[in-house]
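Pasted below: model-v9.cif, mmCIF, C-alpha atoms.
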```cif
data_data
#
loop_
_atom_site.label_atom_id
_atom_site.label_comp_id
_atom_site.auth_asym_id
_atom_site.auth_seq_id
_atom_site.Cartn_x
_atom_site.Cartn_y
_atom_site.Cartn_z
CA MET E 13 -5.48 -26.38 84.23
CA LEU E 14 -8.17 -28.51 82.63
CA GLU E 15 -8.42 -31.97 84.23
CA VAL E 16 -8.53 -34.53 81.45
CA GLY E 17 -7.68 -37.69 83.35
CA ARG E 18 -4.81 -40.09 83.18
CA VAL E 19 -4.15 -43.27 81.33
CA SER E 20 -5.03 -46.18 83.59
CA LYS E 21 -2.05 -48.42 82.79
CA LYS E 22 1.45 -47.49 83.91
CA GLY E 23 4.52 -47.60 81.70
CA ILE E 24 2.70 -46.96 78.40
CA THR E 25 4.93 -45.71 75.58
CA ALA E 26 4.04 -43.87 72.39
CA LEU E 27 5.31 -42.44 69.13
CA VAL E 28 3.82 -39.22 67.75
CA VAL E 29 4.01 -38.12 64.12
CA ASP E 30 2.69 -34.98 62.45
CA ASP E 31 4.26 -32.78 59.77
CA ASP E 32 3.78 -29.77 62.07
CA GLY E 33 6.47 -29.72 64.76
CA ASP E 34 4.42 -27.54 67.11
CA SER E 35 1.56 -30.06 66.95
CA VAL E 36 3.96 -32.92 67.73
CA ASP E 37 5.36 -31.01 70.73
CA LEU E 38 1.95 -29.98 72.08
CA PHE E 39 0.42 -33.44 71.65
CA SER E 40 3.49 -35.10 73.19
CA GLU E 41 3.35 -32.79 76.22
CA PHE E 42 -0.33 -33.62 76.66
CA LEU E 43 0.41 -37.36 76.53
CA GLU E 44 3.18 -36.99 79.11
CA LEU E 45 0.73 -35.21 81.45
CA CYS E 46 -1.64 -38.15 81.00
CA ASN E 47 0.99 -40.68 82.14
CA ILE E 48 2.22 -41.80 78.69
CA GLN E 49 5.94 -41.78 77.93
CA VAL E 50 6.56 -40.38 74.45
CA ILE E 51 9.65 -42.29 73.30
CA GLY E 52 9.76 -40.83 69.80
CA ARG E 53 8.60 -37.86 67.77
CA ALA E 54 8.62 -37.62 63.99
CA LEU E 55 7.68 -35.13 61.29
CA ASP E 56 7.04 -37.66 58.50
CA GLY E 57 5.69 -41.15 58.01
CA GLN E 58 8.93 -42.80 56.92
CA HIS E 59 10.76 -41.63 60.03
CA VAL E 60 8.06 -42.91 62.41
CA VAL E 61 7.97 -46.32 60.69
CA ASP E 62 11.76 -46.59 61.11
CA MET E 63 11.40 -45.59 64.78
CA TYR E 64 8.63 -48.15 65.29
CA LYS E 65 10.89 -50.96 64.04
CA LYS E 66 13.45 -50.08 66.73
CA MET E 67 11.23 -49.10 69.66
CA PHE E 68 7.96 -51.08 69.44
CA PRO E 69 5.86 -48.61 71.50
CA ASP E 70 2.45 -49.44 72.94
CA LEU E 71 0.70 -46.68 70.95
CA VAL E 72 1.24 -44.77 67.72
CA PHE E 73 -0.46 -41.41 67.13
CA SER E 74 -0.31 -40.36 63.50
CA ASP E 75 -1.62 -37.40 61.59
CA VAL E 76 -3.28 -38.59 58.39
CA MET E 77 -2.54 -35.76 55.96
CA MET E 78 1.21 -35.23 55.64
CA PRO E 79 3.26 -34.57 52.51
CA GLY E 80 5.20 -37.53 51.18
CA TYR E 81 4.80 -40.47 53.54
CA ASP E 82 1.34 -39.82 54.99
CA GLY E 83 -0.69 -41.45 57.75
CA PHE E 84 -2.05 -44.11 55.39
CA TYR E 85 1.55 -45.17 54.73
CA VAL E 86 2.26 -45.21 58.48
CA LEU E 87 -0.83 -47.30 59.22
CA GLU E 88 -0.18 -49.79 56.43
CA LYS E 89 3.55 -50.23 57.16
CA ILE E 90 3.19 -50.57 60.93
CA ARG E 91 0.27 -53.00 60.50
CA GLY E 92 2.64 -55.06 58.31
CA ILE E 93 5.26 -55.07 61.08
CA ASN E 94 2.82 -55.71 63.93
CA PRO E 95 -0.86 -56.43 63.15
CA HIS E 96 -1.69 -55.83 66.84
CA ALA E 97 -0.10 -52.36 67.09
CA ILE E 98 -2.49 -49.80 68.57
CA MET E 99 -2.81 -47.12 65.90
CA ILE E 100 -4.67 -43.88 66.63
CA MET E 101 -5.09 -41.71 63.56
CA ILE E 102 -5.60 -37.95 63.85
CA THR E 103 -7.27 -35.99 61.08
CA GLY E 104 -9.36 -32.99 60.16
CA ASP E 105 -10.43 -34.76 56.98
CA VAL E 106 -13.98 -36.08 57.27
CA ARG E 107 -14.41 -37.14 53.64
CA PRO E 108 -15.99 -40.60 53.37
CA GLU E 109 -13.11 -41.93 51.25
CA THR E 110 -10.59 -40.97 53.95
CA ILE E 111 -12.65 -42.66 56.68
CA ASP E 112 -13.19 -45.73 54.50
CA THR E 113 -9.45 -46.04 53.85
CA LEU E 114 -8.60 -45.70 57.55
CA GLU E 115 -11.18 -48.35 58.41
CA ARG E 116 -9.95 -50.68 55.64
CA LEU E 117 -6.38 -50.32 56.94
CA LYS E 118 -7.72 -51.15 60.42
CA ALA E 119 -7.09 -47.95 62.37
CA ASP E 120 -7.92 -48.65 66.02
CA ALA E 121 -9.34 -45.16 66.50
CA ILE E 122 -9.86 -42.01 64.46
CA VAL E 123 -9.60 -38.72 66.33
CA TYR E 124 -10.94 -35.67 64.55
CA LYS E 125 -9.40 -32.21 64.78
CA PRO E 126 -9.99 -30.13 66.75
CA PHE E 127 -9.78 -32.90 69.31
CA ASP E 128 -11.06 -33.14 72.85
CA MET E 129 -8.22 -34.20 75.16
CA LYS E 130 -10.58 -35.86 77.65
CA GLN E 131 -12.04 -37.97 74.84
CA ILE E 132 -8.54 -38.98 73.72
CA VAL E 133 -7.73 -40.25 77.23
CA GLU E 134 -10.99 -42.22 77.29
CA THR E 135 -10.18 -43.68 73.85
CA ILE E 136 -6.66 -44.66 74.96
CA ASN E 137 -7.96 -46.34 78.14
CA ASP E 138 -10.58 -48.22 76.11
CA LEU E 139 -8.05 -49.41 73.52
CA LEU E 140 -5.56 -50.48 76.19
CA SER E 141 -8.19 -52.44 78.13
CA ARG E 142 -9.33 -54.17 74.92
CA SER E 143 -5.76 -55.07 73.96
CA VAL E 144 -5.16 -56.57 77.44
CA PHE E 145 -8.43 -58.52 77.18
CA GLN E 146 -7.53 -59.81 73.70
CA ALA E 147 -4.06 -60.86 74.88
CA GLN E 148 -5.63 -62.79 77.78
CA THR E 149 -8.28 -64.50 75.64
CA GLY E 150 -6.54 -65.30 72.53
#
```

How does this structure look as structure tokens?
Amino acid sequence: MLEVGRVSKKGITALVVDDDGDSVDLFSEFLELCNIQVIGRALDGQHVVDMYKKMFPDLVFSDVMMPGYDGFYVLEKIRGINPHAIMIMITGDVRPETIDTLERLKADAIVYKPFDMKQIVETINDLLSRSVFQAQTG
């Protein structure tokens, strides 16, 4: 099996949303192998926002392009609930307007498909260390 590393902090929780159930399952299994507890899985943006309100996970992984309530909706709604939520957006869409919108809505990271699992672990560790530093300083 490919060694991709583990998330440095223990007890990290996450929600995963994508309109493709197989992608949700595969990504969730990967996160579990990396020491992240996936506490919720969703197939649409509305469902994951409702789950966030009840569970308040450490991380949210959201596909951007989904029918109906898309990743932009997820990012905007969860930012409204918790401006400090760690939001990692996953997309195959590299159009400038998509990237601009994700940046304007303050995505913490944008992961492009097809993604590199080792890079995702590094991104998670970086975001978690920054959030701990920000909590300690301000």

Answer key for the PyMOL selection byres ((chain E and resi 73-88) around 9), residues as a PyMOL selection string: chain E and resi 26-32+55-61+71-72+89-93+98-105+110+113-114+117-119

Expected file contents, prior selection, C-alpha atoms, as an mmCIF file, in the frame of the given file:
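Resulting contents of out18.cif:
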```cif
data_model
loop_
_atom_site.group_PDB
_atom_site.id
_atom_site.type_symbol
_atom_site.label_atom_id
_atom_site.label_comp_id
_atom_site.auth_asym_id
_atom_site.auth_seq_id
_atom_site.Cartn_x
_atom_site.Cartn_y
_atom_site.Cartn_z
ATOM 1 C CA ALA E 26 4.040 -43.870 72.390
ATOM 2 C CA LEU E 27 5.310 -42.440 69.130
ATOM 3 C CA VAL E 28 3.820 -39.220 67.750
ATOM 4 C CA VAL E 29 4.010 -38.120 64.120
ATOM 5 C CA ASP E 30 2.690 -34.980 62.450
ATOM 6 C CA ASP E 31 4.260 -32.780 59.770
ATOM 7 C CA ASP E 32 3.780 -29.770 62.070
ATOM 8 C CA LEU E 55 7.680 -35.130 61.290
ATOM 9 C CA ASP E 56 7.040 -37.660 58.500
ATOM 10 C CA GLY E 57 5.690 -41.150 58.010
ATOM 11 C CA GLN E 58 8.930 -42.800 56.920
ATOM 12 C CA HIS E 59 10.760 -41.630 60.030
ATOM 13 C CA VAL E 60 8.060 -42.910 62.410
ATOM 14 C CA VAL E 61 7.970 -46.320 60.690
ATOM 15 C CA LEU E 71 0.700 -46.680 70.950
ATOM 16 C CA VAL E 72 1.240 -44.770 67.720
ATOM 17 C CA LYS E 89 3.550 -50.230 57.160
ATOM 18 C CA ILE E 90 3.190 -50.570 60.930
ATOM 19 C CA ARG E 91 0.270 -53.000 60.500
ATOM 20 C CA GLY E 92 2.640 -55.060 58.310
ATOM 21 C CA ILE E 93 5.260 -55.070 61.080
ATOM 22 C CA ILE E 98 -2.490 -49.800 68.570
ATOM 23 C CA MET E 99 -2.810 -47.120 65.900
ATOM 24 C CA ILE E 100 -4.670 -43.880 66.630
ATOM 25 C CA MET E 101 -5.090 -41.710 63.560
ATOM 26 C CA ILE E 102 -5.600 -37.950 63.850
ATOM 27 C CA THR E 103 -7.270 -35.990 61.080
ATOM 28 C CA GLY E 104 -9.360 -32.990 60.160
ATOM 29 C CA ASP E 105 -10.430 -34.760 56.980
ATOM 30 C CA THR E 110 -10.590 -40.970 53.950
ATOM 31 C CA THR E 113 -9.450 -46.040 53.850
ATOM 32 C CA LEU E 114 -8.600 -45.700 57.550
ATOM 33 C CA LEU E 117 -6.380 -50.320 56.940
ATOM 34 C CA LYS E 118 -7.720 -51.150 60.420
ATOM 35 C CA ALA E 119 -7.090 -47.950 62.370
#
```

Answer key for the PyMOL selection byres ((chain E and resi 127-142) around 12), residues as a VMD selection string: chain E and resid 14 to 26 35 38 to 48 70 to 73 96 to 104 119 to 126 143 to 150

Take the selection from the previous step and output its residues with C-alpha atoms, as a short mmCIF file (atom, residue, chain, number, x, y, z; two decimals), keeping the file's coordinate frame.
```cif
data_model
loop_
_atom_site.label_atom_id
_atom_site.label_comp_id
_atom_site.auth_asym_id
_atom_site.auth_seq_id
_atom_site.Cartn_x
_atom_site.Cartn_y
_atom_site.Cartn_z
CA LEU E 14 -8.17 -28.51 82.63
CA GLU E 15 -8.42 -31.97 84.23
CA VAL E 16 -8.53 -34.53 81.45
CA GLY E 17 -7.68 -37.69 83.35
CA ARG E 18 -4.81 -40.09 83.18
CA VAL E 19 -4.15 -43.27 81.33
CA SER E 20 -5.03 -46.18 83.59
CA LYS E 21 -2.05 -48.42 82.79
CA LYS E 22 1.45 -47.49 83.91
CA GLY E 23 4.52 -47.60 81.70
CA ILE E 24 2.70 -46.96 78.40
CA THR E 25 4.93 -45.71 75.58
CA ALA E 26 4.04 -43.87 72.39
CA SER E 35 1.56 -30.06 66.95
CA LEU E 38 1.95 -29.98 72.08
CA PHE E 39 0.42 -33.44 71.65
CA SER E 40 3.49 -35.10 73.19
CA GLU E 41 3.35 -32.79 76.22
CA PHE E 42 -0.33 -33.62 76.66
CA LEU E 43 0.41 -37.36 76.53
CA GLU E 44 3.18 -36.99 79.11
CA LEU E 45 0.73 -35.21 81.45
CA CYS E 46 -1.64 -38.15 81.00
CA ASN E 47 0.99 -40.68 82.14
CA ILE E 48 2.22 -41.80 78.69
CA ASP E 70 2.45 -49.44 72.94
CA LEU E 71 0.70 -46.68 70.95
CA VAL E 72 1.24 -44.77 67.72
CA PHE E 73 -0.46 -41.41 67.13
CA HIS E 96 -1.69 -55.83 66.84
CA ALA E 97 -0.10 -52.36 67.09
CA ILE E 98 -2.49 -49.80 68.57
CA MET E 99 -2.81 -47.12 65.90
CA ILE E 100 -4.67 -43.88 66.63
CA MET E 101 -5.09 -41.71 63.56
CA ILE E 102 -5.60 -37.95 63.85
CA THR E 103 -7.27 -35.99 61.08
CA GLY E 104 -9.36 -32.99 60.16
CA ALA E 119 -7.09 -47.95 62.37
CA ASP E 120 -7.92 -48.65 66.02
CA ALA E 121 -9.34 -45.16 66.50
CA ILE E 122 -9.86 -42.01 64.46
CA VAL E 123 -9.60 -38.72 66.33
CA TYR E 124 -10.94 -35.67 64.55
CA LYS E 125 -9.40 -32.21 64.78
CA PRO E 126 -9.99 -30.13 66.75
CA SER E 143 -5.76 -55.07 73.96
CA VAL E 144 -5.16 -56.57 77.44
CA PHE E 145 -8.43 -58.52 77.18
CA GLN E 146 -7.53 -59.81 73.70
CA ALA E 147 -4.06 -60.86 74.88
CA GLN E 148 -5.63 -62.79 77.78
CA THR E 149 -8.28 -64.50 75.64
CA GLY E 150 -6.54 -65.30 72.53
#
```

Interatomic distance, CA of Lys65 in chain E to CA of Gln49 in chain E (Å, one decimal): 17.4 Å

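Here CA of Ile51 in chain E is placed at a distance of 7.6 Å from CA of Pro69 in chain E.
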
Separation of CA of Asp37 in chain E from CA of Tyr64 in chain E, in Å and rounded to one decimal: 18.3 Å
